[in-house]
Every structure is written in C-alpha cells, then in structure tokens.
$ cat model-v1.cif   # mmCIF, C-alpha atoms
data_data
loop_
_atom_site.group_PDB
_atom_site.id
_atom_site.type_symbol
_atom_site.label_atom_id
_atom_site.label_comp_id
_atom_site.auth_asym_id
_atom_site.auth_seq_id
_atom_site.Cartn_x
_atom_site.Cartn_y
_atom_site.Cartn_z
ATOM 1 C CA MET A 1 137.012 127.007 95.646
ATOM 2 C CA THR A 2 135.156 124.142 93.986
ATOM 3 C CA ASN A 3 132.108 122.936 95.889
ATOM 4 C CA PRO A 4 131.171 119.246 95.619
ATOM 5 C CA ILE A 5 127.518 118.450 95.162
ATOM 6 C CA SER A 6 125.914 117.110 98.305
ATOM 7 C CA PRO A 7 124.684 113.471 98.209
ATOM 8 C CA ASN A 8 121.554 114.502 100.070
ATOM 9 C CA GLY A 9 118.262 114.165 98.213
ATOM 10 C CA PRO A 10 117.080 117.048 96.051
ATOM 11 C CA GLY A 11 114.073 117.716 98.227
ATOM 12 C CA LEU A 12 116.269 118.583 101.195
ATOM 13 C CA ARG A 13 117.136 122.145 100.394
ATOM 14 C CA GLY A 14 118.955 123.546 103.406
ATOM 15 C CA ALA A 15 121.347 126.422 102.801
ATOM 16 C CA VAL A 16 123.514 125.563 105.810
ATOM 17 C CA ASP A 17 124.831 122.538 107.678
ATOM 18 C CA LEU A 18 122.669 122.236 110.771
ATOM 19 C CA SER A 19 124.920 119.572 112.237
ATOM 20 C CA ALA A 20 127.133 122.374 113.569
ATOM 21 C CA LEU A 21 124.386 123.187 116.052
ATOM 22 C CA VAL A 22 124.936 119.836 117.735
ATOM 23 C CA GLN A 23 128.267 121.138 118.990
ATOM 24 C CA ARG A 24 126.811 124.234 120.691
ATOM 25 C CA GLN A 25 127.485 124.229 124.423
ATOM 26 C CA GLN A 26 125.091 126.761 125.888
ATOM 27 C CA GLU A 27 123.015 126.612 129.027
ATOM 28 C CA PRO A 28 119.488 125.633 127.977
ATOM 29 C CA ALA A 29 116.780 128.161 128.683
ATOM 30 C CA GLY A 30 113.809 127.215 130.795
ATOM 31 C CA PRO A 31 110.497 126.239 129.191
ATOM 32 C CA ALA A 32 108.878 129.219 127.513
ATOM 33 C CA GLY A 33 106.902 127.946 124.542
ATOM 34 C CA PRO A 34 103.173 128.196 124.025
ATOM 35 C CA ALA A 35 102.902 124.487 123.270
ATOM 36 C CA SER A 36 102.768 121.667 125.768
ATOM 37 C CA GLY A 37 105.858 119.525 126.246
ATOM 38 C CA ASP A 38 105.457 115.934 125.056
ATOM 39 C CA ALA A 39 106.817 113.605 122.417
ATOM 40 C CA ILE A 40 104.802 115.105 119.551
ATOM 41 C CA VAL A 41 104.839 118.819 120.434
ATOM 42 C CA PHE A 42 107.825 120.062 122.407
ATOM 43 C CA GLU A 43 110.171 122.998 122.896
ATOM 44 C CA THR A 44 113.716 123.267 121.592
ATOM 45 C CA ASP A 45 116.489 125.881 121.519
ATOM 46 C CA ASP A 46 120.102 126.302 120.436
ATOM 47 C CA ALA A 47 121.420 123.995 123.141
ATOM 48 C CA ALA A 48 118.820 121.250 122.731
ATOM 49 C CA PHE A 49 118.661 121.156 118.943
ATOM 50 C CA GLY A 50 121.026 118.198 118.637
ATOM 51 C CA SER A 51 118.324 115.808 119.846
ATOM 52 C CA THR A 52 115.844 117.432 117.470
ATOM 53 C CA LEU A 53 118.202 116.769 114.553
ATOM 54 C CA GLU A 54 118.552 113.160 115.625
ATOM 55 C CA LEU A 55 114.762 112.749 115.828
ATOM 56 C CA SER A 56 114.476 114.080 112.248
ATOM 57 C CA ARG A 57 116.127 110.889 111.012
ATOM 58 C CA THR A 58 113.045 108.971 112.111
ATOM 59 C CA VAL A 59 110.154 111.382 111.625
ATOM 60 C CA PRO A 60 109.817 114.786 109.883
ATOM 61 C CA VAL A 61 110.244 117.607 112.411
ATOM 62 C CA VAL A 62 108.419 120.903 111.896
ATOM 63 C CA VAL A 63 110.293 123.744 113.607
ATOM 64 C CA ALA A 64 108.343 126.907 114.456
ATOM 65 C CA LEU A 65 110.429 129.970 115.274
ATOM 66 C CA TRP A 66 108.095 132.147 117.363
ATOM 67 C CA ALA A 67 108.276 135.033 119.838
ATOM 68 C CA SER A 68 106.227 135.890 122.904
ATOM 69 C CA TRP A 69 105.680 139.447 121.665
ATOM 70 C CA SER A 70 104.155 138.238 118.380
ATOM 71 C CA GLU A 71 100.433 137.513 118.429
ATOM 72 C CA GLN A 72 100.779 135.957 114.976
ATOM 73 C CA SER A 73 103.299 133.546 116.465
ATOM 74 C CA ARG A 74 100.868 132.290 119.076
ATOM 75 C CA THR A 75 98.069 131.960 116.538
ATOM 76 C CA LEU A 76 100.262 130.000 114.137
ATOM 77 C CA VAL A 77 101.707 127.687 116.783
ATOM 78 C CA GLU A 78 98.207 126.836 117.991
ATOM 79 C CA SER A 79 97.251 125.871 114.424
ATOM 80 C CA LEU A 80 100.441 123.911 113.914
ATOM 81 C CA GLU A 81 99.966 121.998 117.154
ATOM 82 C CA ARG A 82 96.396 121.064 116.248
ATOM 83 C CA LEU A 83 97.310 119.934 112.735
ATOM 84 C CA VAL A 84 100.446 118.075 113.836
ATOM 85 C CA ARG A 85 98.497 116.119 116.459
ATOM 86 C CA ALA A 86 95.974 115.180 113.775
ATOM 87 C CA ARG A 87 98.818 113.426 111.924
ATOM 88 C CA ASP A 88 98.990 110.779 114.650
ATOM 89 C CA GLY A 89 102.711 111.015 115.326
ATOM 90 C CA ARG A 90 103.917 110.933 111.720
ATOM 91 C CA ILE A 91 105.086 114.565 112.094
ATOM 92 C CA VAL A 92 106.302 116.299 115.262
ATOM 93 C CA LEU A 93 106.424 119.995 116.143
ATOM 94 C CA ALA A 94 109.387 121.692 117.838
ATOM 95 C CA THR A 95 108.785 125.290 118.941
ATOM 96 C CA ALA A 96 111.790 127.597 119.405
ATOM 97 C CA ASP A 97 111.625 131.034 120.998
ATOM 98 C CA ALA A 98 113.539 133.203 118.511
ATOM 99 C CA ASP A 99 114.752 135.528 121.271
ATOM 100 C CA ARG A 100 116.400 132.611 123.088
ATOM 101 C CA SER A 101 117.621 130.794 119.978
ATOM 102 C CA PRO A 102 119.673 133.253 117.886
ATOM 103 C CA GLN A 103 121.731 130.469 116.323
ATOM 104 C CA LEU A 104 118.620 128.713 115.046
ATOM 105 C CA VAL A 105 117.318 132.002 113.649
ATOM 106 C CA GLN A 106 120.609 132.485 111.835
ATOM 107 C CA ALA A 107 120.892 128.880 110.662
ATOM 108 C CA PHE A 108 117.388 128.895 109.190
ATOM 109 C CA GLN A 109 117.950 132.389 107.751
ATOM 110 C CA ALA A 110 114.649 133.547 109.249
ATOM 111 C CA GLN A 111 113.681 136.970 107.942
ATOM 112 C CA ALA A 112 110.388 137.225 109.843
ATOM 113 C CA ILE A 113 108.651 135.922 112.949
ATOM 114 C CA PRO A 114 106.967 133.494 112.884
ATOM 115 C CA THR A 115 108.945 131.349 110.446
ATOM 116 C CA VAL A 116 108.321 127.632 109.911
ATOM 117 C CA VAL A 117 110.850 125.164 108.535
ATOM 118 C CA ALA A 118 111.132 121.400 108.577
ATOM 119 C CA VAL A 119 114.070 119.112 109.219
ATOM 120 C CA ILE A 120 114.283 115.716 107.512
ATOM 121 C CA ALA A 121 117.268 113.412 107.990
ATOM 122 C CA GLY A 122 119.194 116.271 109.566
ATOM 123 C CA GLN A 123 118.645 118.618 106.623
ATOM 124 C CA PRO A 124 116.498 121.792 106.630
ATOM 125 C CA VAL A 125 113.507 122.233 104.310
ATOM 126 C CA PRO A 126 112.114 125.798 104.119
ATOM 127 C CA LEU A 127 108.320 125.908 104.481
ATOM 128 C CA PHE A 128 106.743 129.353 105.029
ATOM 129 C CA ALA A 129 106.653 132.522 107.120
ATOM 130 C CA GLY A 130 103.644 134.169 108.732
ATOM 131 C CA VAL A 131 100.204 132.822 109.540
ATOM 132 C CA GLN A 132 98.777 130.392 106.969
ATOM 133 C CA PRO A 133 95.282 128.873 106.593
ATOM 134 C CA ASP A 134 94.814 125.342 107.896
ATOM 135 C CA ASP A 135 94.222 123.927 104.412
ATOM 136 C CA VAL A 136 97.539 125.361 103.189
ATOM 137 C CA ILE A 137 99.388 123.910 106.188
ATOM 138 C CA ASP A 138 97.706 120.547 105.620
ATOM 139 C CA GLN A 139 98.914 120.538 102.021
ATOM 140 C CA VAL A 140 102.434 121.397 103.164
ATOM 141 C CA PHE A 141 102.319 118.528 105.661
ATOM 142 C CA ASP A 142 101.193 116.117 102.917
ATOM 143 C CA GLN A 143 104.198 117.121 100.819
ATOM 144 C CA LEU A 144 106.459 116.847 103.853
ATOM 145 C CA LEU A 145 105.345 113.270 104.539
ATOM 146 C CA GLU A 146 105.930 112.364 100.897
ATOM 147 C CA LEU A 147 109.395 113.924 100.989
ATOM 148 C CA GLY A 148 110.182 112.122 104.219
ATOM 149 C CA ALA A 149 109.139 108.783 102.718
ATOM 150 C CA GLN A 150 111.432 109.377 99.742
ATOM 151 C CA HIS A 151 114.332 109.769 102.164
ATOM 152 C CA GLY A 152 113.397 106.842 104.395
ATOM 153 C CA VAL A 153 112.060 109.092 107.156
ATOM 154 C CA ALA A 154 108.667 107.515 107.687
ATOM 155 C CA GLY A 155 108.533 106.611 111.359
ATOM 156 C CA ARG A 156 105.958 107.460 113.972
ATOM 157 C CA VAL A 157 106.179 108.970 117.459
ATOM 158 C CA GLU A 158 103.745 107.735 120.066
ATOM 159 C CA SER A 159 102.426 109.948 122.832
ATOM 160 C CA SER A 160 101.355 108.628 126.214
ATOM 161 C CA ASP A 161 100.483 109.907 129.678
ATOM 162 C CA ALA A 162 104.148 109.594 130.573
ATOM 163 C CA ALA A 163 105.092 111.678 127.549
ATOM 164 C CA ALA A 164 102.532 114.299 128.510
ATOM 165 C CA GLU A 165 104.359 114.613 131.837
ATOM 166 C CA GLY A 166 107.564 115.388 129.991
ATOM 167 C CA GLU A 167 109.110 111.945 129.594
ATOM 168 C CA ALA A 168 110.538 111.386 126.113
ATOM 169 C CA GLN A 169 109.091 108.522 124.124
ATOM 170 C CA GLU A 170 111.183 106.431 121.793
ATOM 171 C CA PRO A 171 109.906 106.889 118.223
ATOM 172 C CA VAL A 172 108.527 103.768 116.598
ATOM 173 C CA GLU A 173 109.922 103.508 113.088
ATOM 174 C CA GLU A 174 107.699 101.837 110.520
ATOM 175 C CA PRO A 175 109.699 99.596 108.163
ATOM 176 C CA LEU A 176 109.843 100.512 104.501
ATOM 177 C CA PRO A 177 108.676 97.992 101.896
ATOM 178 C CA PRO A 178 111.644 95.684 101.122
ATOM 179 C CA LEU A 179 112.460 97.150 97.716
ATOM 180 C CA HIS A 180 112.163 100.702 99.011
ATOM 181 C CA GLN A 181 114.510 99.835 101.872
ATOM 182 C CA GLU A 182 116.919 98.285 99.386
ATOM 183 C CA ALA A 183 116.829 101.480 97.328
ATOM 184 C CA TYR A 184 117.272 103.693 100.392
ATOM 185 C CA ASP A 185 120.271 101.660 101.561
ATOM 186 C CA ALA A 186 121.792 101.924 98.083
ATOM 187 C CA ILE A 187 121.379 105.717 98.090
ATOM 188 C CA GLU A 188 122.979 105.886 101.533
ATOM 189 C CA ARG A 189 126.104 104.147 100.187
ATOM 190 C CA GLY A 190 126.105 106.191 96.965
ATOM 191 C CA ASP A 191 125.086 103.363 94.620
ATOM 192 C CA PHE A 192 122.424 105.243 92.685
ATOM 193 C CA GLU A 193 122.161 102.679 89.882
ATOM 194 C CA ALA A 194 121.319 99.950 92.406
ATOM 195 C CA ALA A 195 118.732 102.276 93.946
ATOM 196 C CA ALA A 196 117.199 102.937 90.532
ATOM 197 C CA SER A 197 117.090 99.215 89.807
ATOM 198 C CA ALA A 198 115.256 98.512 93.074
ATOM 199 C CA TYR A 199 112.714 101.243 92.357
ATOM 200 C CA ARG A 200 112.158 99.912 88.812
ATOM 201 C CA THR A 201 111.486 96.464 90.245
ATOM 202 C CA ALA A 202 109.006 97.954 92.726
ATOM 203 C CA MET A 203 107.222 99.727 89.860
ATOM 204 C CA ALA A 204 107.080 96.522 87.844
ATOM 205 C CA GLN A 205 105.481 94.751 90.783
ATOM 206 C CA ASP A 206 103.027 97.588 91.434
ATOM 207 C CA PRO A 207 102.586 100.198 88.670
ATOM 208 C CA ARG A 208 100.559 102.287 91.160
ATOM 209 C CA ASP A 209 103.528 102.676 93.508
ATOM 210 C CA THR A 210 103.884 106.456 93.170
ATOM 211 C CA LEU A 211 106.629 106.616 95.784
ATOM 212 C CA ALA A 212 108.717 104.232 93.693
ATOM 213 C CA VAL A 213 108.182 106.454 90.649
ATOM 214 C CA ALA A 214 109.334 109.502 92.602
ATOM 215 C CA GLY A 215 112.191 107.539 94.145
ATOM 216 C CA LEU A 216 113.410 106.403 90.729
ATOM 217 C CA ALA A 217 113.397 109.991 89.470
ATOM 218 C CA GLN A 218 115.375 111.063 92.524
ATOM 219 C CA ALA A 219 117.892 108.226 92.224
ATOM 220 C CA ASN A 220 118.425 109.083 88.549
ATOM 221 C CA LEU A 221 118.973 112.738 89.431
ATOM 222 C CA LEU A 222 121.496 111.921 92.136
ATOM 223 C CA GLY A 223 123.265 109.518 89.774
ATOM 224 C CA ARG A 224 123.588 112.176 87.090
ATOM 225 C CA LEU A 225 125.083 114.654 89.574
ATOM 226 C CA ALA A 226 127.429 112.186 91.290
ATOM 227 C CA GLY A 227 131.086 113.120 90.851
ATOM 228 C CA LYS A 228 130.353 116.538 89.361
ATOM 229 C CA THR A 229 130.901 119.908 91.003
ATOM 230 C CA LEU A 230 128.904 123.089 91.191
ATOM 231 C CA ASP A 231 131.599 125.125 89.473
ATOM 232 C CA SER A 232 132.183 122.726 86.605
ATOM 233 C CA ILE A 233 128.470 122.430 85.815
ATOM 234 C CA ARG A 234 127.808 126.166 85.891
ATOM 235 C CA ASN A 235 130.990 127.083 83.999
ATOM 236 C CA THR A 236 130.254 124.574 81.247
ATOM 237 C CA ALA A 237 126.672 125.777 80.879
ATOM 238 C CA ALA A 238 127.744 129.431 80.793
ATOM 239 C CA ALA A 239 130.361 128.712 78.110
ATOM 240 C CA ALA A 240 127.968 126.682 75.952
ATOM 241 C CA PRO A 241 124.419 128.087 76.291
ATOM 242 C CA ARG A 242 123.205 125.933 73.372
ATOM 243 C CA ASP A 243 124.792 122.708 74.597
ATOM 244 C CA LEU A 244 121.792 120.633 75.606
ATOM 245 C CA ASP A 245 123.727 118.268 77.866
ATOM 246 C CA ALA A 246 125.229 121.220 79.745
ATOM 247 C CA GLN A 247 121.841 122.875 80.179
ATOM 248 C CA LEU A 248 120.264 119.619 81.381
ATOM 249 C CA ASP A 249 123.062 119.311 83.957
ATOM 250 C CA VAL A 250 122.571 122.827 85.303
ATOM 251 C CA ALA A 251 118.795 122.259 85.497
ATOM 252 C CA ASP A 252 119.503 119.156 87.604
ATOM 253 C CA LEU A 253 121.823 121.232 89.767
ATOM 254 C CA ASP A 254 119.269 124.021 90.217
ATOM 255 C CA LEU A 255 116.542 121.608 91.239
ATOM 256 C CA SER A 256 118.824 119.729 93.650
ATOM 257 C CA GLY A 257 119.561 123.045 95.344
ATOM 258 C CA GLY A 258 115.899 123.961 95.686
ATOM 259 C CA HIS A 259 115.805 126.427 92.752
ATOM 260 C CA VAL A 260 112.813 124.688 91.210
ATOM 261 C CA ASP A 261 111.514 127.600 89.147
ATOM 262 C CA ASP A 262 114.985 128.259 87.718
ATOM 263 C CA ALA A 263 115.370 124.619 86.668
ATOM 264 C CA PHE A 264 111.998 124.503 84.937
ATOM 265 C CA ASP A 265 112.356 127.904 83.281
ATOM 266 C CA ARG A 266 115.798 127.044 81.895
ATOM 267 C CA LEU A 267 114.520 123.961 80.099
ATOM 268 C CA LEU A 268 111.205 125.448 78.980
ATOM 269 C CA THR A 269 112.960 128.510 77.536
ATOM 270 C CA LEU A 270 115.414 126.280 75.669
ATOM 271 C CA PHE A 271 112.694 123.932 74.386
ATOM 272 C CA PRO A 272 111.456 125.953 71.336
ATOM 273 C CA THR A 273 115.021 126.309 69.990
ATOM 274 C CA LEU A 274 115.660 122.553 69.775
ATOM 275 C CA ASP A 275 115.168 119.959 67.068
ATOM 276 C CA ALA A 276 112.731 117.087 67.537
ATOM 277 C CA ASP A 277 115.256 114.861 69.324
ATOM 278 C CA GLY A 278 116.287 117.658 71.661
ATOM 279 C CA LYS A 279 112.699 118.540 72.465
ATOM 280 C CA ASN A 280 111.976 114.936 73.331
ATOM 281 C CA ARG A 281 114.986 114.794 75.678
ATOM 282 C CA VAL A 282 113.895 117.968 77.450
ATOM 283 C CA ARG A 283 110.317 116.716 77.739
ATOM 284 C CA GLU A 284 111.480 113.433 79.286
ATOM 285 C CA ARG A 285 113.796 115.237 81.701
ATOM 286 C CA LEU A 286 111.068 117.651 82.780
ATOM 287 C CA ILE A 287 108.637 114.808 83.426
ATOM 288 C CA GLU A 288 111.258 113.168 85.628
ATOM 289 C CA LEU A 289 111.971 116.390 87.505
ATOM 290 C CA PHE A 290 108.224 116.863 88.021
ATOM 291 C CA GLU A 291 108.217 113.548 89.883
ATOM 292 C CA VAL A 292 111.130 114.644 92.072
ATOM 293 C CA VAL A 293 109.357 117.826 93.158
ATOM 294 C CA GLY A 294 105.870 116.272 93.383
ATOM 295 C CA THR A 295 103.269 116.202 90.640
ATOM 296 C CA GLU A 296 100.696 118.109 92.700
ATOM 297 C CA GLU A 297 103.112 120.905 93.646
ATOM 298 C CA PRO A 298 101.899 124.271 92.252
ATOM 299 C CA ARG A 299 105.195 125.009 90.487
ATOM 300 C CA VAL A 300 105.023 121.644 88.755
ATOM 301 C CA ILE A 301 101.436 122.236 87.662
ATOM 302 C CA ALA A 302 102.409 125.601 86.163
ATOM 303 C CA ALA A 303 105.453 124.177 84.396
ATOM 304 C CA ARG A 304 103.459 121.227 83.053
ATOM 305 C CA ARG A 305 100.884 123.631 81.648
ATOM 306 C CA ARG A 306 103.632 125.650 79.990
ATOM 307 C CA LEU A 307 105.160 122.499 78.501
ATOM 308 C CA THR A 308 101.801 121.412 77.128
ATOM 309 C CA ASN A 309 101.364 124.785 75.425
ATOM 310 C CA LEU A 310 104.799 124.426 73.827
ATOM 311 C CA LEU A 311 104.016 120.923 72.605
ATOM 312 C CA TYR A 312 100.712 121.875 70.993
#
$ encode --input "model-v1.cif" --output "structure tokens"
Amino acid sequence: MTNPISPNGPGLRGAVDLSALVQRQQEPAGPAGPASGDAIVFETDDAAFGSTLELSRTVPVVVALWASWSEQSRTLVESLERLVRARDGRIVLATADADRSPQLVQAFQAQAIPTVVAVIAGQPVPLFAGVQPDDVIDQVFDQLLELGAQHGVAGRVESSDAAAEGEAQEPVEEPLPPLHQEAYDAIERGDFEAAASAYRTAMAQDPRDTLAVAGLAQANLLGRLAGKTLDSIRNTAAAAPRDLDAQLDVADLDLSGGHVDDAFDRLLTLFPTLDADGKNRVRERLIELFEVVGTEEPRVIAARRRLTNLLY
C-alpha cells in the first residue's frame, strides 16, 4: 500500500496517530500521580488524554510516563515539575501512571520507565527515557519551545489559586507576529509557497528573525514533499543511487520522519562523488535542513563539522 506523506511539520515525529486515543471510552482512574493537580502540572491517563491532545494545540505538553514502583520515576517527575514551572506556563507537564495507562505506553512505544515525550499540535515528539540532568532537560525544553513556535503552538497557561484547587484554567494564547500567522495559516491550508513568501517577507523586515529562517526552511521542505508518496520516493532513490534529485528527495523524507542522522549521512556520503554544481546543491540543501532541525542541535553541529571537513 502506498503511504501519503503527512502534512504535519517535520519536527513532529510521532510514529502513531494519537488522535485515536480521543475515542477511548474507559473509566478514568483516580488521582495517583506524584505531581500536584493544576493547570500547569496535572495527571492524565488513557481516558483523559483527549483533553491533553487538545491542550497541545495551544501549548507544548510534556508527558511523563512514570510508575509508583520506580524511584527513578519520582526523581524525574520532581525535576520535570520544577523545570516546567520555571517556564511560566509556556510548557505544561502531564504525568501518566504507566500501569494505569497501557494505551499511552503502547502509543508512545515506551520501552522503559520513566519515558518522556512531548505532544505539539496533537502530534508526538519523542524526548528521552530515564533520569536526565536539569541542564539537559532545560536544553530539551528550549528546543521544544522553538519547535512549538514553528508550528504556531506558542500559547501560555496561567495558574491561579483556583487552578491549584483543581479547576482547569483556560490557556491564554499569545498571538503570532502577523507574517508568522500568515505563514502558519498558509501551511494549515497546504499552500506552502504562500507560507514561504510570508517568511521571506518577515526575514526582509528583520534579518535577525531566526524563527522566520527556520519557518522558511520548513515550508520549503513541506512544499518539496507535497503530493509525493513514501513508496515512490524510496523506490526512485533505490533504483537510481546516483540520481541527485532522488537522493535529495529521500533525505527530505528521512528528516520529515525524524530520521535526522540518516538524512544527513545520505547527503554527506554522496557529497564527495559529485561535481561542483552537485556539491553546491547538496551544501545548500543541508544548510536548509540544519535550520529545520535547529542549528544548535547536537546532530546538526556534528553534520556541519563533517560538511566543513569535506569542503576544505
């Protein structure tokens, strides 16, 4: 069967469709999480995850799959709660007891407890498993906020005394800059050229607008993949391993699916075999893909270093 490429942004790398969890009709379990219940840190489970998905369209949601028998779980959730609260409502934390939420464990393909994922605009983003140092988690949260902004998920949740008593607070969504909103709306309707045009205008108005640079790279990537299928891209690349256009397409596909290292390695391995024009095309494509992933991301730094060594 031929699988169409998803219109979701390349940073949203879920392996499954979490929207199916909205349809689950199970009796919710009673509160059992180590975190307090309010608008910024709260408990979820299989039955309640529909509202968590909906919230992820306004603010990035960090989901911690934990277990009462795991001391590491409690340690990690305490760190996550502290660091999430320091973000002043721009990220929220949902804790899910793995023993009570088997469908979430399966959906997120959790291989260990604790496991931490994020959900942005209804799509899962794998983060890490096990206890991590605070500085590593902070860096992950920085990247998560940047990814959320690229997808128009840049709201804020406010906590209050009423929220601390368990009453849900309506998230306050911060408006995007006009050109960014124009680009986001264009992506939502599948008009990637209009999105790219809006981002280029934003860059012309403010060359320091790094989110516009990343947004343009993302819009270009989505535009290149629009109308193509997984099977056609991979079959063409396999049949023509020296066809530069085919290899560029499959690198786009790999990156859109979260296979960042595969995308970079494919192009960097091909680079030395190309003529000057081909090398320049690969260099330009890699620079654009670096922006999609994030220029400070460790895999990008390593690939950039490798590219520099090939150039000189």
$ residues_around --input "model-v1.cif" --residues "segment 232-248 of chain A" --least-positions-apart "2" --cutoff "8 Å" --atoms "only C-alpha atoms" --output "PyMOL selection string"
chain A and resi 228-230+250-253+266-267+278+282+285
$ write_last_selection --input "model-v1.cif" --atoms "C-alpha atoms" --output "PDB file, in the coordinates of the input"
ATOM      1  CA  LYS A 228     130.353 116.538  89.361  1.00  0.00           C
ATOM      2  CA  THR A 229     130.901 119.908  91.003  1.00  0.00           C
ATOM      3  CA  LEU A 230     128.904 123.089  91.191  1.00  0.00           C
ATOM      4  CA  VAL A 250     122.571 122.827  85.303  1.00  0.00           C
ATOM      5  CA  ALA A 251     118.795 122.259  85.497  1.00  0.00           C
ATOM      6  CA  ASP A 252     119.503 119.156  87.604  1.00  0.00           C
ATOM      7  CA  LEU A 253     121.823 121.232  89.767  1.00  0.00           C
ATOM      8  CA  ARG A 266     115.798 127.044  81.895  1.00  0.00           C
ATOM      9  CA  LEU A 267     114.520 123.961  80.099  1.00  0.00           C
ATOM     10  CA  GLY A 278     116.287 117.658  71.661  1.00  0.00           C
ATOM     11  CA  VAL A 282     113.895 117.968  77.450  1.00  0.00           C
ATOM     12  CA  ARG A 285     113.796 115.237  81.701  1.00  0.00           C
TER      13      ARG A 285
END
$ resolve_selection --input "model-v1.cif" --expression "the PyMOL selection byres ((chain A and resi 212) around 8)" --output "PyMOL selection string"
chain A and resi 180+199-200+202-203+209-211+213-216
$ residues_around --input "model-v1.cif" --residues "segment 110-116 of chain A" --least-positions-apart "4" --cutoff "9 Å" --atoms "all atoms listed in the file" --output "PDB file with C-alpha atoms, keeping the file's coordinate frame"
ATOM      1  CA  VAL A  62     108.419 120.903 111.896  1.00  0.00           C
ATOM      2  CA  VAL A  63     110.293 123.744 113.607  1.00  0.00           C
ATOM      3  CA  ALA A  64     108.343 126.907 114.456  1.00  0.00           C
ATOM      4  CA  LEU A  65     110.429 129.970 115.274  1.00  0.00           C
ATOM      5  CA  TRP A  66     108.095 132.147 117.363  1.00  0.00           C
ATOM      6  CA  ALA A  67     108.276 135.033 119.838  1.00  0.00           C
ATOM      7  CA  SER A  70     104.155 138.238 118.380  1.00  0.00           C
ATOM      8  CA  GLN A  72     100.779 135.957 114.976  1.00  0.00           C
ATOM      9  CA  SER A  73     103.299 133.546 116.465  1.00  0.00           C
ATOM     10  CA  ARG A  74     100.868 132.290 119.076  1.00  0.00           C
ATOM     11  CA  LEU A  76     100.262 130.000 114.137  1.00  0.00           C
ATOM     12  CA  VAL A  77     101.707 127.687 116.783  1.00  0.00           C
ATOM     13  CA  ALA A  98     113.539 133.203 118.511  1.00  0.00           C
ATOM     14  CA  LEU A 104     118.620 128.713 115.046  1.00  0.00           C
ATOM     15  CA  VAL A 105     117.318 132.002 113.649  1.00  0.00           C
ATOM     16  CA  GLN A 106     120.609 132.485 111.835  1.00  0.00           C
ATOM     17  CA  PRO A 126     112.114 125.798 104.119  1.00  0.00           C
ATOM     18  CA  LEU A 127     108.320 125.908 104.481  1.00  0.00           C
ATOM     19  CA  PHE A 128     106.743 129.353 105.029  1.00  0.00           C
ATOM     20  CA  ALA A 129     106.653 132.522 107.120  1.00  0.00           C
ATOM     21  CA  GLY A 130     103.644 134.169 108.732  1.00  0.00           C
ATOM     22  CA  VAL A 131     100.204 132.822 109.540  1.00  0.00           C
TER      23      VAL A 131
END
$ closest_residue --input "model-v1.cif" --among "A:Thr52, A:Thr201, A:Gln132, A:Gln103" --to "Ser79 of chain A" --atoms "all atoms listed in the file"
A:Gln132
$ resolve_selection --input "model-v1.cif" --expression "the PyMOL selection byres ((chain A and resi 181-186) around 7)" --output "number ranges by chain"
A: 151-152, 176-180, 187-192, 194-196, 198-199
$ atom_distance --input "model-v1.cif" --atom1 "atom CA of Leu268 of chain A" --atom2 "atom CA of Leu286 of chain A"
8.7 Å
$ closest_residue --input "model-v1.cif" --among "A:Thr308, A:Gln123, A:Gln205, A:Thr58" --to "Phe271 of chain A" --atoms "all atoms listed in the file"
A:Thr308
$ atom_distance --input "model-v1.cif" --atom1 "atom CA of Ser68 of chain A" --atom2 "atom CA of Gln143 of chain A"
29.1 Å
$ atom_distance --input "model-v1.cif" --atom1 "atom CA of Gly155 of chain A" --atom2 "atom CA of Arg90 of chain A"
6.3 Å
$ resolve_selection --input "model-v1.cif" --expression "the PyMOL selection byres ((chain A and resi 141) around 12)" --output "VMD selection string"
chain A and resid 60 to 62 80 83 to 87 90 to 93 116 to 118 125 127 to 128 134 to 140 142 to 148
$ closest_residue --input "model-v1.cif" --among "A:Gln218, A:Val292, A:Trp69, A:Ser256" --to "Asp97 of chain A" --atoms "only C-alpha atoms"
A:Trp69
$ axis_aligned_box --input "model-v1.cif" --around "segment 241-256 of chain A" --padding-each-side "3 Å" --output "JSON"
{"center_x": 120.9, "center_y": 123.2, "center_z": 83.5, "size_x": 14.7, "size_y": 15.8, "size_z": 26.3}
$ closest_residue --input "model-v1.cif" --among "A:Glu284, A:Asp275, A:Glu81, A:Asp46" --to "Asp99 of chain A" --atoms "all atoms listed in the file"
A:Asp46
$ closest_residue --input "model-v1.cif" --among "A:Pro124, A:Gly227, A:Gly50, A:Gly89" --to "Gly258 of chain A" --atoms "all atoms listed in the file"
A:Pro124
